[in-house]
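Asker: Got a structure for you, questions after.
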Amino acid sequence: MNQINDNNLSGRSHISLPLLTGDDRRINGKDEPCRICLRIAVDVPVKGAFSYLAPEKEASIFQVGCMVKVPFKNQKVTGYVLEKIPLDNKLDLKEISSLVYPEPLFHEQMVPFFEWIARYYVYPVGQVIKWVLPGGMNMNSCKTASLTDLGMSILKTLTPGSEEQEILKWVKDNPGKRTPWPIRRLVSFKKKGWLIISERTGKRRMGPLERKFVKINDPDLLDAILAQKPDTLKANDELEFLKTVSVSGDMLLKDLTSRFKTGSYLVNKWRKKGVLKTYTRVVYRNPAGNIIFPSKIPEKLYKQQIRALDYINAAIDRGIFSSCLLFGVTGSGKTEVYCRAAEHAVRRGRQVILMVPEIALANYMEGLVRSRVGSRTAIYHSGLGRGERYDEWMRMVRGEVDIVIGARSALFAPLPRLGLIIVDEEHDPAYKEEGGIRYQARDAAVVRAKIEKAVVVHGSGTPSVQSYENCLSGRYHLLSMPERVEKRPPPEVEIVDMRTLKDTPQKKEMLSPRLKEAISQNLTAGNQTILFLNRRGFHRLFLCRSCGESIRCPNCDVALVYHLKEDRLSCHYCGFHSGTQLKCSSCGRKGLKAYGFGTEKLEQEIKGLFPEARISRLDTDTTQKKGRTIQILKQFSDHETDILVGTQMLTKGYDFPMVTLVGVIAADLSLSFPDFRAGERTFQILSQVVGRAGRGSRSGRVIIQTFNPDNYAICAAAAHDYQSFFNNEKELRKQLGYPPFLHLTGLRLQGNSEKKTAESAQRVGRDMREILSKWPERGKELQVLGPVEASISKIKGKYRWQILVKSKSISLMRHYLLEVERISKKTLQSSGVQLISDIDPYQMM
C-alpha cells in the first residue's frame, strides 16, 4: 500500500503510536532506526488525510503546519503536515517529495479545528487549509509536453488541420506550458514516442517582500569626505546626498533615487569607493492605512459594564471553555467591554481574536485597540492585498501578535495561546461564507474556543434568534446591558405610513414631508444626519413601454439597475453592463421607462433639496477604491459631512456623537425576501440603524418610512422591544420547523444547460427519497423539500435549482449528505451539473 487514508485504517495498514523523540526508537525490545511517518492533508477533493514517509536524512525539518509536495496518484500535489508519528519500515509508504516553505504555517492546536470544519461542512480537509491560508502561498503543478526528434519528423508529415497535427504543433509552439487537454489524450502520443510528458511546479506567488537598502560601510571615511569637501564632489547635490546618508543611516534605495536625480549614479560611485554598501532585507507591508481614531477612553465603567467584564475576566482566568452572549442595546458600551477584556487576556499571557462583520469596521476597531495595547496587533481580512495578508499571517505564526482584528476569516488566525474570541454584531449575516467552504464564523468560533479552552463572547444589540435561544437553553451564559451609557434615552422613533402620501404621475416621492422637515431642522441646528436605503443604484428597474417587460441581465435572472454616474445598466450579481439605448428582448421595440430608486438617486434628490449641505454616499459603488470607505467615514467623523446616505454599511457599530437624526427611506425592502429569516433581518437592520442616533450628549430622532406599518418586526424595532420580536419569531419558527429548532441544509444544483440542470435536480431528488426509503427508522428523522427552481433561477450563466433537508440530528444529516454525494457523483459528472452542499444556509435565493 503506497498511501494510507486515515478514514479507512485497519489491521496492519496503519500503526498508531505515541510520538517519540530522538533518532532511535525502541522497537520489539531493540534499538533500531525508525522512519518518521507524517499524516498529510492533500490539496485534492478527497476526504481524509494520507500517510507519507519523511525523507530519512531530513526528517527533522518536517514539522506540523509545514507545506509540502507529495506524490498522489500520477501527479505531485501540495499537502500540509497534520501529525508526526513514528512508524517502522514494514509499511510501504511513498516519501514526501519536498518542503515547499521553510516555516510552519499553522500550529498543531489548529489541526483539530481544521478537521472539525472539514467534517461539519463536508469539505476536504486539505482544501479547508488551502482556503484558510493567504492566497498565493500554494505552488501548483501542471503537466507539460515537449516533442521528441521523432515527433518533430512526424509533425511534418501529418495532414494540416487534423487533430494529431494540431496537438503536436501546439506542443512545438508552447514548450513548458500547461497542456490544454486532459493528459489521457496525450498518453497515446507518448507511447508512440512522439513526445515527452513532464511535470512543472509553478512558483509560489506570494512570500516575503524584499527591498534594497543603502547603509554606511565606512563611517570614518564618510566623515573625512564631508569635512574636507573635496573637489571630487562634482555631481549635482552630491554633498547633500552624502549628508543625507550620514544623518539618516540605513535608507531605502528607492527613497534615495526618488529624492536625488543622480541617486543611482551616486550610490554606485560611493559603493565602489567602499563608503556605502547596499543590501536586501525583508520589509513589512503595513495594512492599517488611515485609521479613524475613536473618542477618548472612558474614565469609568458603568455597573452593567463592570458586571459583564467581571464575568468574562473570571472565565479567562479559569482557563476553561466558556461561551456567553453580551446582549447590550446600541450605545450601551459593549465596545469598551471588548477592549478591556482583550487587555485582560493579553496581561494573562493569552491571545485574542476580535471579529467584526465589515472590513471598514475592522479598520475602525484596529485604531481603537492599537491605542490601548500598542503595535502587537494585526488586522486580517479579504480587503488586504496578498502581500499584506501574507505578512500579517506570518506575524501571527511567529508569535509577534497578541490581538487579531478582522472579518470572518480572522477566525482562522494562527494564534497558539488563544484565550478570547469576540464576535461583535454576532447577528450579522456577513459571518456566513457564501463561497467555497460555506462556514458560519459565529458558530465555528464556539467550536474553536472549546478546542483551545478559550472564552467566546458573542455581542449584539439585536441577537440572532439562535444565540438567544442558546441562552434560554443554558448553552450560553447571558450578560445583559439594557441601558445606554450615561443613561442616555433611546432615540424617539416615528413611523410614517407611506400609503397615505399621494404620488404624482410624474414622480414617486422618496421622502415624506416629515422627513424633509426634520432634515432641514437638523441642518439648522448644526447636527448630522444619516439616511439609510438598503438599495444601491439610481433606477432599480427599466420597463418596456410597449409590453411591460423589464430589461434583464442575459447571464442572471435579475433586472438590470441603472447607475447615473456611469450612465449604464448594470447587473449586481455578475457585473454585466450595457448602455440604455436598448430594444426590448421580448417585443423588440425601443422606448424604456425607468422605475424605482436607490442610494444614487436619493443622494441626487437630497442635493437638490438641500444645496447648502455637505453630502456623501457610502455603498459598494462609492467604496470600490481601496481606502475610500475609511476616507468617507473619517470625513463624517470629523464633521466634514452633514448628511451621509448609504446602505447597510452604515448600520454597523460606528459611534458618531453628532448624529441626531436617522431617516429610514424604505423599511420594507428586506421583508419581501423569500427567506424564513426575512423578519429577523428587518428587525435587526432597523434596530441597528436606529441605534446610530443620539449617541452623544444630544437626544436622537428616527423617522421610519414604510408601507407595512403594522408588521411585527417594524413595530418591535420602533419600540426598541427585542423580547416582543423574539417571541413572535420563535413561535413562527417552531410552527414551520426552522432553525434553531431543526438543522437545515441547502443543496444547490447548478449547470450551464437549463434542461440538464432541471433533469439532474429531479433525478437527485428521486435518489434522495430512495435513500430514505431504505432507512425505515432513521429516514423518518429527515425531511426533504424540493427540488424547486431557485428564486433567482440563473446567476452568472448558471441555471440553479435547490433542495432543502431538515433534521433534528446534525450527525444524521451529515451521514445522509455523504450518501447523497456518493450516489449522485457519477450522474452529475456526465451531465456537467454541480452539487453544492450548504450546511446552515443563510442565502435562500
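Here, A, B, ... name the chains of the C-alpha cells in the order displayed, residue numbers run from 1 inside each chain, and ligands are numbered from 1 in the same displayed order.
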Write out as a compact mmCIF listing (two decimals) with C-alpha atoms, in the first residue's frame each polymer residue whose atoms come within 7 Å of range 394-410 of chain A, counting only C-alpha atoms; drop sequence neighbours fewer than 3 positions from it.

Answerer:
# COMPACT_ATOMS: atom_id res chain seq x y z
CA LEU A 105 2.18 27.95 8.53
CA PHE A 106 -0.06 26.97 11.44
CA VAL A 346 -3.16 39.80 27.00
CA GLN A 351 -4.12 35.97 22.70
CA VAL A 352 -7.31 37.45 21.30
CA ILE A 353 -9.37 37.34 18.09
CA LEU A 354 -11.84 40.19 17.64
CA MET A 355 -14.20 39.66 14.70
CA VAL A 356 -16.41 42.31 13.15
CA PRO A 357 -18.82 41.92 10.20
CA GLU A 358 -17.46 44.68 7.96
CA ILE A 359 -13.93 45.37 6.69
CA ALA A 362 -12.21 46.24 11.28
CA GLU A 366 -7.89 48.39 14.83
CA ARG A 376 1.27 43.91 18.81
CA THR A 377 -1.98 43.91 16.89
CA ALA A 378 -2.75 42.56 13.43
CA ILE A 379 -5.57 43.26 11.04
CA TYR A 380 -6.74 40.45 8.78
CA HIS A 381 -9.49 40.38 6.17
CA TYR A 390 0.92 37.13 3.96
CA ASP A 391 2.84 39.50 6.25
CA ALA A 413 -5.72 33.33 12.82
CA PRO A 414 -2.81 31.01 13.79
CA LEU A 415 -2.52 32.00 17.46
CA TYR A 431 -20.35 35.97 9.19
CA ALA A 441 -17.91 32.03 11.63

Asker: What separation in Å, quoted to one decimal, exists between CA of Val132 in chain A and CA of Ser98 in chain A?

Answerer: 21.7 Å

Asker: Got a sec to tell me which of range 470-561 of chain A DSSP assigns to strand (DSSP E), as a list in words?

Answerer: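 Checking each residue of range 470-561 of chain A, the strand (DSSP E) ones are His477, Leu478, Leu479, Ser480, Met481, Glu492, Val493, Glu494, Ile495, Val496, Asp497, Gln528, Thr529, Ile530, Leu531, Phe532, Leu541, Phe542, Leu543, Cys544 and Val561 of chain A.
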
Asker: In Å, how far is it from CA of Leu420 in chain A to CA of Ala454 in chain A?

Answerer: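 Here the two named atoms are 5.5 Å from each other.
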